[in-house]
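Asks: Dropping in upload.txt, which is compact mmCIF, C-alpha atoms:
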```
# COMPACT_ATOMS: atom_id res chain seq x y z
CA MET A 26 57.13 48.13 11.14
CA PHE A 27 54.33 49.58 13.26
CA ALA A 28 54.24 52.79 11.25
CA VAL A 29 54.04 51.34 7.74
CA ARG A 30 52.55 47.88 8.52
CA ASP A 31 54.71 46.29 5.87
CA GLU A 32 57.82 44.40 6.94
CA GLU A 33 59.67 44.76 3.63
CA ALA A 34 58.94 48.48 3.41
CA ALA A 35 60.01 48.94 7.04
CA LEU A 36 63.30 47.17 6.40
CA ASP A 37 63.91 49.30 3.30
CA ILE A 38 63.14 52.49 5.23
CA VAL A 39 65.54 51.57 8.05
CA GLN A 40 68.26 50.55 5.59
CA ASP A 41 67.91 53.79 3.62
CA ALA A 42 67.93 55.78 6.88
CA MET A 43 71.14 54.07 8.00
CA LEU A 44 72.78 54.81 4.66
CA ARG A 45 71.75 58.47 4.83
CA LEU A 46 73.02 58.71 8.39
CA ALA A 47 76.36 57.19 7.44
CA GLU A 48 76.75 59.24 4.26
CA LYS A 49 75.74 62.63 5.59
CA TYR A 50 76.45 62.51 9.32
CA GLY A 51 79.20 59.92 9.75
CA HIS A 52 81.63 62.65 10.75
CA LEU A 53 79.59 63.71 13.80
CA PRO A 54 80.17 62.44 17.35
CA ALA A 55 78.39 59.18 18.19
CA VAL A 56 76.32 60.92 20.88
CA GLU A 57 74.44 62.95 18.25
CA LEU A 58 73.66 60.03 15.93
CA PRO A 59 70.63 58.45 17.68
CA ALA A 60 68.58 61.66 17.54
CA LEU A 61 69.58 62.25 13.91
CA PHE A 62 68.73 58.66 13.01
CA HIS A 63 65.32 58.98 14.64
CA ARG A 64 64.60 62.14 12.64
CA ILE A 65 65.80 60.54 9.39
CA VAL A 66 63.54 57.51 9.96
CA GLN A 67 60.55 59.76 10.71
CA ASN A 68 61.12 61.72 7.51
CA ALA A 69 61.57 58.51 5.51
CA ILE A 70 58.28 57.17 6.85
CA ARG A 71 56.50 60.41 5.88
CA ASP A 72 58.06 60.20 2.41
CA TRP A 73 56.93 56.58 2.10
CA PHE A 74 53.32 57.51 2.94
CA ARG A 75 53.36 60.43 0.49
CA ARG A 76 54.75 58.21 -2.23
CA GLN A 77 52.16 55.51 -1.50
CA LYS A 78 49.34 58.04 -1.61
CA VAL A 79 50.38 59.48 -4.97
CA ARG A 80 51.27 56.10 -6.46
CA SER A 81 47.98 54.67 -5.28
CA MET A 82 46.08 57.59 -6.77
CA TRP A 83 47.63 57.25 -10.21
CA THR A 84 47.98 53.49 -10.42
CA THR A 85 44.43 52.96 -9.16
CA SER A 86 43.07 55.53 -11.59
CA LEU A 87 45.02 54.17 -14.52
CA SER A 88 44.42 50.54 -13.65
CA SER A 89 40.76 51.06 -14.50
CA LEU A 90 41.87 51.64 -18.09
CA GLY A 91 43.12 48.11 -18.64
CA PRO A 92 43.00 44.48 -17.53
CA GLY A 93 45.16 44.88 -14.44
CA GLU A 94 46.04 41.18 -14.22
CA ASP A 95 49.27 41.45 -16.23
CA ASP A 96 52.20 42.97 -14.33
CA ASP A 97 53.67 44.16 -17.62
CA HIS A 98 50.44 45.84 -18.66
CA ASP A 99 50.87 49.40 -19.83
CA PRO A 100 47.60 51.32 -19.69
CA LEU A 101 48.87 53.61 -22.42
CA GLU A 102 49.25 50.79 -24.92
CA THR A 103 45.95 48.96 -24.79
CA LEU A 104 42.40 49.21 -23.57
CA GLN A 105 40.95 45.75 -23.26
CA PRO A 106 38.56 45.28 -20.32
CA ALA A 107 38.86 42.14 -18.24
CA ALA A 108 37.11 39.12 -19.70
CA GLY A 109 33.62 38.60 -18.36
CA SER A 110 33.14 42.18 -17.25
CA GLN A 111 30.13 44.19 -18.37
CA GLU A 112 32.46 46.71 -19.96
CA ALA A 113 34.05 44.02 -22.13
CA GLU A 114 30.78 43.75 -24.02
CA SER A 115 29.94 47.44 -24.10
CA PRO A 116 31.20 49.36 -27.13
CA VAL A 117 30.22 52.59 -25.40
CA ALA A 118 32.47 51.76 -22.44
CA GLN A 119 35.32 50.82 -24.78
CA LEU A 120 34.94 54.10 -26.66
CA GLU A 121 34.87 56.05 -23.41
CA GLN A 122 38.02 54.32 -22.18
CA SER A 123 39.86 54.95 -25.44
CA GLN A 124 38.88 58.62 -25.31
CA VAL A 125 40.13 58.96 -21.72
CA LEU A 126 43.35 57.21 -22.67
CA GLU A 127 43.90 59.54 -25.62
CA ILE A 128 43.30 62.60 -23.43
CA LEU A 129 45.75 61.25 -20.87
CA ARG A 130 48.38 60.68 -23.56
CA GLU A 131 47.92 64.23 -24.83
CA GLU A 132 48.17 65.72 -21.36
CA LEU A 133 51.28 63.69 -20.54
CA GLY A 134 52.79 65.00 -23.78
CA ARG A 135 52.08 68.58 -22.72
CA LEU A 136 53.96 68.29 -19.46
CA PRO A 137 57.45 69.78 -19.36
CA GLU A 138 60.02 67.12 -20.20
CA ARG A 139 61.47 66.82 -16.67
CA GLN A 140 58.04 66.55 -15.07
CA ARG A 141 56.94 63.90 -17.56
CA GLU A 142 60.16 61.96 -17.07
CA ALA A 143 59.90 62.07 -13.27
CA PHE A 144 56.22 61.10 -13.34
CA ILE A 145 56.75 58.14 -15.64
CA LEU A 146 59.82 56.86 -13.77
CA ARG A 147 58.13 57.13 -10.38
CA TYR A 148 54.60 55.95 -11.13
CA TRP A 149 54.85 53.71 -14.18
CA GLU A 150 58.28 52.22 -13.65
CA GLU A 151 57.79 52.44 -9.86
CA LEU A 152 61.33 53.60 -9.12
CA ASP A 153 61.95 55.13 -5.73
CA VAL A 154 63.01 58.74 -5.32
CA ALA A 155 66.72 57.94 -5.09
CA ASP A 156 66.74 55.75 -8.23
CA THR A 157 64.71 58.32 -10.13
CA ALA A 158 67.12 61.06 -9.06
CA ARG A 159 70.10 59.00 -10.26
CA ARG A 160 68.42 58.28 -13.60
CA MET A 161 67.48 61.93 -14.10
CA ARG A 162 70.83 63.18 -12.75
CA CYS A 163 69.22 65.55 -10.26
CA SER A 164 68.54 65.77 -6.53
CA GLU A 165 65.85 63.79 -4.73
CA GLY A 166 64.14 67.07 -3.87
CA SER A 167 63.93 67.93 -7.57
CA VAL A 168 62.33 64.56 -8.29
CA LYS A 169 59.71 65.16 -5.61
CA THR A 170 59.01 68.63 -6.95
CA HIS A 171 58.73 67.44 -10.57
CA CYS A 172 56.41 64.57 -9.59
CA SER A 173 54.20 66.78 -7.47
CA ARG A 174 53.91 69.41 -10.19
CA ALA A 175 53.21 66.75 -12.83
CA ALA A 176 50.50 65.10 -10.74
CA HIS A 177 48.80 68.42 -10.04
CA ALA A 178 49.07 69.54 -13.67
CA LEU A 179 47.63 66.25 -14.95
CA GLN A 180 44.82 66.35 -12.45
CA GLN A 181 43.90 69.92 -13.40
CA ALA A 182 44.21 69.29 -17.13
CA LEU A 183 42.07 66.17 -17.00
CA ARG A 184 39.46 67.90 -14.86
CA ALA A 185 39.41 70.87 -17.26
CA ARG A 186 38.67 68.46 -20.11
CA GLY A 187 35.82 66.87 -18.17
CA VAL A 188 37.67 63.71 -17.15
CA THR A 189 37.30 62.54 -13.58
CA LEU A 190 39.10 59.36 -12.73
CA GLU A 191 37.67 57.40 -9.84
CA ILE A 192 40.23 57.20 -7.06
CA LYS A 193 39.83 54.14 -4.85
CA PRO A 194 41.52 54.03 -1.43
```
What would the structure in this file look like if it were written as structure tokens?
Replies:
Amino acid sequence: MFAVRDEEAALDIVQDAMLRLAEKYGHLPAVELPALFHRIVQNAIRDWFRRQKVRSMWTTSLSSLGPGEDDDHDPLETLQPAAGSQEAESPVAQLEQSQVLEILREELGRLPERQREAFILRYWEELDVADTARRMRCSEGSVKTHCSRAAHALQQALRARGVTLEIKP
């Protein structure tokens, strides 16, 4: 709880750590389990922060492409600025947003299939690593690798095309 400052996330991390401990190390003597559990929790917390950083980067960047009020909003389907905003009245801003969206669609389409699948499952559908791995029928490490490579490739491709998305903390 102190590490992640989110009670629900902390409970999920501890529960996942307990499951990993039981699944992978249940055969070991009880004396060795506390140290292993501590290490598993530490790694899970690091993973949580990495996932939050990447998710925040992409969801914050992409949320600027649409209204953001609707939980079911897909930034790849529509570009309608929030009512009352300056951009809602600016055709130039609307054109700019539609161009950025089209470039993003193209670059997502150029990613290798596994990277694109991992990226979409993790950051649009907001599945965790384990669920994404089950859906993709691969290891959690592969999911992390695919997501990392996809994020870096998209960032480089967008930058090469002159697109810089504002990343808000």
Asks: With distances taken over only C-alpha atoms, which of A:Glu127, A:Arg160, A:Ser167, A:Ile70 is nearest to Asp37 (chain A)?
Replies: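 Residue with the minimum atom-to-atom distance to Asp37 (chain A): A:Ile70.
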Asks: Would you kindly return, as a PDB file with C-alpha atoms, in the frame of the given file, each protein, DNA or RNA residue with an atom no farther than 12 Å from any atom of Leu146 (chain A), considering all atoms listed in the file and excluding same-chain residues fewer than 6 positions away?
Replies:
```pdb
ATOM      1  CA  ARG A  80      51.270  56.100  -6.460  1.00  0.00           C
ATOM      2  CA  ARG A 139      61.470  66.820 -16.670  1.00  0.00           C
ATOM      3  CA  GLN A 140      58.040  66.550 -15.070  1.00  0.00           C
ATOM      4  CA  LEU A 152      61.330  53.600  -9.120  1.00  0.00           C
ATOM      5  CA  ASP A 153      61.950  55.130  -5.730  1.00  0.00           C
ATOM      6  CA  VAL A 154      63.010  58.740  -5.320  1.00  0.00           C
ATOM      7  CA  ALA A 155      66.720  57.940  -5.090  1.00  0.00           C
ATOM      8  CA  ASP A 156      66.740  55.750  -8.230  1.00  0.00           C
ATOM      9  CA  THR A 157      64.710  58.320 -10.130  1.00  0.00           C
ATOM     10  CA  ALA A 158      67.120  61.060  -9.060  1.00  0.00           C
ATOM     11  CA  ARG A 159      70.100  59.000 -10.260  1.00  0.00           C
ATOM     12  CA  ARG A 160      68.420  58.280 -13.600  1.00  0.00           C
ATOM     13  CA  MET A 161      67.480  61.930 -14.100  1.00  0.00           C
ATOM     14  CA  VAL A 168      62.330  64.560  -8.290  1.00  0.00           C
ATOM     15  CA  LYS A 169      59.710  65.160  -5.610  1.00  0.00           C
ATOM     16  CA  HIS A 171      58.730  67.440 -10.570  1.00  0.00           C
ATOM     17  CA  CYS A 172      56.410  64.570  -9.590  1.00  0.00           C
ATOM     18  CA  ALA A 175      53.210  66.750 -12.830  1.00  0.00           C
TER      19      ALA A 175
END
```
Asks: Determine the nearest neighbour of Arg71 (chain A) from the options A:Ala28, A:Gln40, A:Ala143, A:Val56, counting all atoms listed in the file.
Replies: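 The shortest atom-to-atom distance to Arg71 (chain A) comes from A:Ala28.
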Asks: Considering only C-alpha atoms, state which residue in the set A:Ala60, A:Ala69, A:Ala176, A:Ile128 is at the smallest distance from Arg45 (chain A).
Replies: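 Result for the nearest residue to Arg45 (chain A): A:Ala69.
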Asks: Take CA of Glu151 (chain A) and CA of Arg76 (chain A) and report the distance between them in Å, one decimal.
Replies: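 Those two atoms sit 10.0 Å apart.
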